[in-house]
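Colleague: Questions regarding the structure given below will be posed in turn.
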Amino acid sequence: MGIEVNGRKVEWVKNETVKYLLRRMRYTFPLVVVKINDKIIPRKDFSDVIVPDNSKVAVIHMISGG
Amino acid sequence: MAEGQIPIEEYETGNTKHKWDLKKLKFAHRVIFEYNYKKGEIKRGYANRTLYLNLTKKEIKEKPVTEDMKKKFTGGRGFGLKLMWASIKSSTRWNSDENELLITTGPLCGTTQYPGSGKSLCLTISPSTDIICDSNVGGFFGPYLKFAGFDAIEIQGKAKQDVVIVVDGEKGKISVETAPLEETNSHLINEQLTHMYASENTDKSRQKVSVVSAGKGAEHSYWGCLNFSFYDIRRKLPRMKQAGRGGLGTVLRDKKIKAIVTKIEKFDGVSNNPADPIALAKVGTKLHREIRDLDRHQCNMRAVGTVHLVEIMDEYDLLPTENYRFGSFPKASKIYSPKFFKHFTKIIPDGCWHGCTMACAKTVDGFTVMTGPYKGQKTTVDGPEYETVACCSNMSLWDPLWVLEFNFYCDTYGLDTISTGTAIAFYMEMYEYGILNKERCDGLELCFGNGEAVMEFMHRIAQGNKGEFTKIAAKGARRVKDWLIKNAWGTPQLIEDCGMESKGLEYSEYVTKESLAMQGGYGLTLKGPQHDEAWLIFMDMVNNAIPTFEDKAEALHYFPMWRTWFGLNGLCKLPWNDVEPANNAETDEPSKVPEHTQNYVEYQNAITGWNVDKEELILQSERCYNWQRAMNVWLGRGRRKDDWIPYRSMGPVTEMEYLSRKDRYDKQLVEKLGHSEKEVEKMKIKEKIELLYDYRQAQYQKLADAVYYRRGWTPNGIPTPQKMKQLGMDDPKMLKLLQDKINEDEKAGLNVWGGKYGKGEKPPNIHLKYWEKW
């Protein structure tokens with residue numbers, strides 16, 4: 001059992017929401033776009049959407065930098 | 001006036017007031033030579049001529065801008081390269097008589113309808129690198145130079161005594177005048193000359209003057225920056241933006257130029273004579289609205305400027321602390337953006353050129369100076385920006401007031417905050433190891449966190465202190481490395497690995513150990529390790545969006561080309577991706593911000609009347625980018641060895657660094673180098689460091705292979721004549737030069753890929769001279 005987050009293998013946690021996955025990954029940057037299996041998850045749903053097993057999660061940090 | 005802003009008459013900075021006897025200062029001026037010119041019209045973004053001055057020969061002339069020049073070099077930095085190619089020699093060094101200092105504009109520079117359109121691009125042969133350094137800067141000078149009649153000013157030769165150069169766009173006159181009595185430090189001379197050359201004693205008149213200067217620090221170091229003024233009508237003082245990198249201010253003072261002044265009669269929203277003002281207004285208004293509506297939810301640039309990055313970099317282990325040993329620090333929250341927001345003057349618009357809604361140029365007014373010649377005075381500090389704050393974290397200075405002190409003196413002394421901070425952080429680490437000590441540092445206790453010692457060192461530089469350490473250290477990290485090694489103080493490898501410079505230029509402020517692409521973004525560059533070519537850390541390290549060498553090479557092709565484009569046009573990069581359309585994440589390539597790229601297509605067409613598309617924008621850059629690399633080759637550099645980077649930017653140098661991120665590095669030894677967990681458990685730290693050392697250096701070589709190939713260069717990093725011809729850069733002298741250098745490399749056995757390729761791997765092309773088949 002496992003998921004992929006930004007192309008890297010990560011342990012799957014049962015009933016984990018997007019919000020808690022971001023916390024576990026220490027992705028604290030507020031401007032992220034999350035896709036699960038290519039489907040965009042609206043920010044307002046981060047606390048409700050459960051990350052399914054075997055899913056591919058993309059957490060795109062919308063940061064511009066220097 | 002927008003809601004919440006302060007009326008002009010109601011604001012007081014609280015700064016110490018200076019009284020100048022301007023008549024006495026002006027009376028001491030003597031005109032050495034001058035030139036009258038016919039004022040011209042701007043046509044579709046171009047003044048269609050450049051201004052040439054030779055201080056040795058006392059010569060001033062105009063040079064025409066041809067259609068061919070526009071086609072090949074576009075403008076701005078491109079024009080600078082074209083003019084330098086015609087005027088300097090391959091043996092020219094920073095202090096040669098024929099070295100030039102150029103300030104260029106660009107066809108979009110001076111526009112007021114689109115945010116971020118007031119940038120000047122400055123070029124010279126750098127004292128730090130011996131190659132061309134380009135640096136962009138805000139402020140009013142560039143737009144005013146164009147509205148005074150010139151797309152660029154090109155200064156060659158040296159004066160015998162301190163001079164000011166005055167470009168008087170009101171009278172159509174250029175004069176070179178002695179200036180014996182003015183101050184040298186920028187916050188003072190900029191104020192003196194603004195008042196002296198304003199046509200009337202009014203703020204509106206002073207707003208039509210812009211001054212470029214460098215302070216006393218620029219005279220005695222290789223870190224000299226140029227301070228570009230913009231008169232702030234609310235604060236009633238000339239504020240400053242810096243062309244920081246590469247020692248431009250050092251060259252200015254070497255030429256005995258105290259300042260360059262330009263003044264104009266008038267300007268307005270159509271001074272750039274746009275071909276299609278309606279299309280321009282449309283595309284500009286769209287972005288203005290976006291910034292107004294979205295900035296506060298995105299980067300918050302209007303409130304805190306680039307300082308918003310400090311906390312993000314600290315959270316993601318990217319904020320350089322203690323000379324890049326670590327990417328985060330327990331004390332870092334002391335210098336997060338809210339700490340500076342507290343000091344910033346609020347509810348005053350802060351753009352460094354008219355019409356910039358992003359307005360990220362913050363100030364602290366009424367700051368009480370704590371050390372040095374201005375101790376006790378109250379002054380305005382322009383900034384700090386992210387890089388300046390991160391320089392201080394790099395030196396382990398965690399008090400916002402010391403950040404402001406460092407910021408103020410760097411600016412007024414004309415010292416680049418980045419080079420100064422990065423170099424001092426290196427000296428501090430050497431001090432910690434005993435390689436430097438109090439005696440070797442002329443009595444300074446230059447240890448991490450010692451703000452007093454940092455400031456004392458800077459004051460000594462500005463005074464022209466003759467101490468051996470001060471003289472060498474003011475020339476930067478590269479020269480200090482050589483000095484330490486020559487004296488056999490410390491092991492050469494440790495010194496080379498820790499000193500964060502490449503090509504002789506100090507790094508800007510990001511930790512790159514876990515982002516190979518960003519290591520390339522610093523090393524595989526034209527002028528040296530500055531993040532203005534590519535900033536790929538999050539795309540690479542966090543988003544993992546460019547996992548292969550080919551992906552990274554594509555990013556290290558596209559983004560440097562794209563970012564070069566701003567410098568050809570006189571634009572600021574920030575409005576491109578420091579605010580993004582609400583639906584940007586849903587686009588195919590969010591990192592390119594496609595909607596804004598299209599804005600720039602429409603913007604350039606609206607000003608110039610051309611009919612370009614986004615591919616042509618990249619081609620404009622590619623021509624100039626390759627030309628600059630080719631000039632580096634001509635100047636004796638621009639090869640693979642010159643693109644090497646210190647190991648500190650690739651991985652952990654010391655056991656302390658390794659231990660601080662042990663889990664991360666141990667995991668990599670298992671996952672990337674194929675060792676078992678048991679093997680790793682048994683290894684000594686030293687052994688683990690060595691394994692990573694070899695692995696990461698090999699990765700960098702492979703990256704260089706992929707990038708050179710993508711850019712159409714030889715395996716040793718030379719732009720090929722075929723590539724230049726493809727781009728339409730067909731200067732026979734340049735093509736012959738490149739072929740000769742490739743032949744030299746061939747004879748020396750240097751025309752080979754640098755990476756070692758194992759089973760299942762292959763270099764970018766099995767044909768080493770792949771370009772000959774084009």
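Every chain in the structure tokens has a letter given in the order shown (A, B, ...), and although residue numbers restart at 1 in each chain, ligands are simply numbered from 1 in the order shown.
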From a DSSP calculation on the backbone, collect every residue of chain A in helix (DSSP H, G or I) and output the set as a list in words.

Modeller: Val18, Lys19, Tyr20, Leu21, Leu22, Arg23, Arg24, Arg43, Lys44 and Asp45 of chain A

Colleague: From chain A, collect each residue whose DSSP state is strand (DSSP E or B) and return the set as a VMD selection string.

Modeller: chain A and resid 3 to 5 8 to 10 17 32 to 36 39 to 41 50 56 to 61

Colleague: Please identify every residue of chain B that has at least one atom no more than 8 Å from any atom of chain A, counting only C-alpha atoms, and report them as a ChimeraX atom specification.

Modeller: /B:298,309,312,315,531-532,535,538-539,542-545,577-578,585,591

Colleague: Give me, as a VMD selection string, all polymer residues having an atom no more than 12 Å from Arg24 (chain A), counting only C-alpha atoms and skipping those fewer than 5 positions away in the same chain.

Modeller: chain A and resid 5 10 to 13 16 to 19

Colleague: Using only C-alpha atoms, which residues sit within 12 Å of region 470-474 of chain B once same-chain residues fewer than 2 positions away are excluded, as a PyMOL selection string?

Modeller: chain B and resi 127-128+217-224+247+250+415-416+419-428+436+440-444+446+454+456-468+476-484

Colleague: Pick out the residues sitting within 6 Å of region 53-57 of chain A, and hand them over as a list in words; count only C-alpha atoms, and ignore anything fewer than 3 positions along from it in its own chain.

Modeller: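 Near neighbours after the sequence-gap exclusion: Gly2, Ile3, Glu4, Val5, Lys35, Ile36 and Asn37 of chain A.
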
Colleague: Quick one: residues within 8 Å of Trp576 (chain B), only C-alpha atoms, excluding same-chain residues fewer than 2 positions away - as a list in words?

Modeller: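 Listing them by chain and then by number gives Lys573, Leu574, Asp578, Val579, Glu580, Val593, His596 and Thr597 of chain B.
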
Colleague: Neighbours of Asp162 (chain B) within 12 Å (only C-alpha atoms; same-chain residues fewer than 3 positions away dropped), as a VMD selection string?

Modeller: chain B and resid 28 to 32 55 158 to 159 165 176 to 184 213 219 252 to 260

Colleague: Mind writing the picked residues with N, CA, C and O atoms as a compact mmCIF listing (two decimals), in the first residue's frame?

Modeller:
# COMPACT_ATOMS: atom_id res chain seq x y z
N ALA B 28 32.38 75.32 -7.88
CA ALA B 28 33.65 74.60 -8.00
C ALA B 28 33.71 73.72 -9.25
O ALA B 28 34.76 73.17 -9.58
N HIS B 29 32.58 73.56 -9.92
CA HIS B 29 32.58 72.75 -11.15
C HIS B 29 33.29 73.50 -12.28
O HIS B 29 33.17 74.71 -12.40
N ARG B 30 34.00 72.75 -13.10
CA ARG B 30 34.60 73.32 -14.31
C ARG B 30 34.24 72.38 -15.45
O ARG B 30 34.44 71.16 -15.36
N VAL B 31 33.66 72.92 -16.50
CA VAL B 31 33.29 72.07 -17.64
C VAL B 31 34.56 71.67 -18.38
O VAL B 31 35.31 72.52 -18.85
N ILE B 32 34.81 70.39 -18.48
CA ILE B 32 36.01 69.90 -19.16
C ILE B 32 35.75 69.76 -20.66
O ILE B 32 36.54 70.18 -21.49
N LEU B 55 36.27 59.51 -21.80
CA LEU B 55 36.78 60.45 -20.80
C LEU B 55 38.27 60.71 -20.99
O LEU B 55 38.76 61.77 -20.61
N LYS B 158 39.11 57.12 -18.90
CA LYS B 158 39.09 57.54 -17.49
C LYS B 158 39.36 59.03 -17.39
O LYS B 158 40.21 59.57 -18.12
N ALA B 159 38.67 59.67 -16.46
CA ALA B 159 38.95 61.07 -16.20
C ALA B 159 40.16 61.18 -15.28
O ALA B 159 40.54 60.22 -14.61
N ILE B 165 28.95 63.53 -15.05
CA ILE B 165 28.49 63.60 -16.44
C ILE B 165 27.03 64.00 -16.40
O ILE B 165 26.23 63.38 -15.68
N VAL B 176 30.71 67.21 -19.29
CA VAL B 176 31.53 66.51 -18.31
C VAL B 176 32.20 67.58 -17.46
O VAL B 176 32.93 68.43 -17.98
N GLU B 177 31.87 67.57 -16.17
CA GLU B 177 32.29 68.67 -15.29
C GLU B 177 33.09 68.12 -14.10
O GLU B 177 32.74 67.05 -13.59
N THR B 178 34.09 68.84 -13.68
CA THR B 178 34.78 68.45 -12.44
C THR B 178 33.79 68.60 -11.29
O THR B 178 32.90 69.46 -11.32
N ALA B 179 33.96 67.77 -10.28
CA ALA B 179 33.05 67.83 -9.13
C ALA B 179 33.86 67.56 -7.86
O ALA B 179 33.78 66.50 -7.25
N PRO B 180 34.65 68.55 -7.46
CA PRO B 180 35.58 68.30 -6.35
C PRO B 180 34.97 68.29 -4.96
O PRO B 180 35.51 67.68 -4.05
N LEU B 181 33.84 68.98 -4.79
CA LEU B 181 33.37 69.20 -3.42
C LEU B 181 32.20 68.32 -3.00
O LEU B 181 31.88 68.25 -1.81
N GLU B 182 31.55 67.70 -3.96
CA GLU B 182 30.39 66.88 -3.58
C GLU B 182 30.82 65.70 -2.71
O GLU B 182 31.96 65.24 -2.78
N GLU B 183 29.88 65.24 -1.94
CA GLU B 183 30.07 64.00 -1.20
C GLU B 183 30.25 62.85 -2.20
O GLU B 183 29.91 63.00 -3.38
N THR B 184 30.74 61.73 -1.73
CA THR B 184 30.84 60.56 -2.60
C THR B 184 29.77 59.53 -2.25
O THR B 184 29.21 58.88 -3.13
N SER B 213 25.20 56.93 -8.94
CA SER B 213 26.46 57.13 -8.22
C SER B 213 26.88 55.83 -7.55
O SER B 213 26.14 54.85 -7.54
N GLU B 219 35.04 52.41 -4.30
CA GLU B 219 36.41 52.79 -4.69
C GLU B 219 37.45 51.77 -4.24
O GLU B 219 38.50 51.64 -4.84
N LEU B 252 32.84 52.43 -12.20
CA LEU B 252 32.44 53.85 -12.23
C LEU B 252 33.49 54.71 -11.52
O LEU B 252 33.94 55.72 -12.04
N ARG B 253 33.88 54.27 -10.31
CA ARG B 253 34.84 55.06 -9.55
C ARG B 253 36.25 54.97 -10.14
O ARG B 253 37.02 55.92 -10.05
N ASP B 254 36.58 53.83 -10.76
CA ASP B 254 37.88 53.71 -11.42
C ASP B 254 37.99 54.71 -12.57
O ASP B 254 39.08 55.18 -12.89
N LYS B 255 36.86 55.03 -13.16
CA LYS B 255 36.85 56.02 -14.24
C LYS B 255 36.77 57.44 -13.69
O LYS B 255 36.62 58.41 -14.43
N LYS B 256 36.81 57.55 -12.37
CA LYS B 256 36.73 58.85 -11.65
C LYS B 256 35.40 59.56 -11.89
O LYS B 256 35.34 60.79 -11.93
N ILE B 257 34.39 58.76 -12.12
CA ILE B 257 33.05 59.36 -12.25
C ILE B 257 32.41 59.36 -10.88
O ILE B 257 32.25 58.31 -10.26
N LYS B 258 32.07 60.55 -10.42
CA LYS B 258 31.39 60.64 -9.12
C LYS B 258 29.90 60.36 -9.31
O LYS B 258 29.27 59.77 -8.45
N ALA B 259 29.38 60.81 -10.42
CA ALA B 259 27.95 60.57 -10.68
C ALA B 259 27.63 60.86 -12.14
O ALA B 259 28.37 61.58 -12.83
N ILE B 260 26.54 60.27 -12.59
CA ILE B 260 25.96 60.60 -13.89
C ILE B 260 24.56 61.13 -13.62
O ILE B 260 23.80 60.52 -12.86
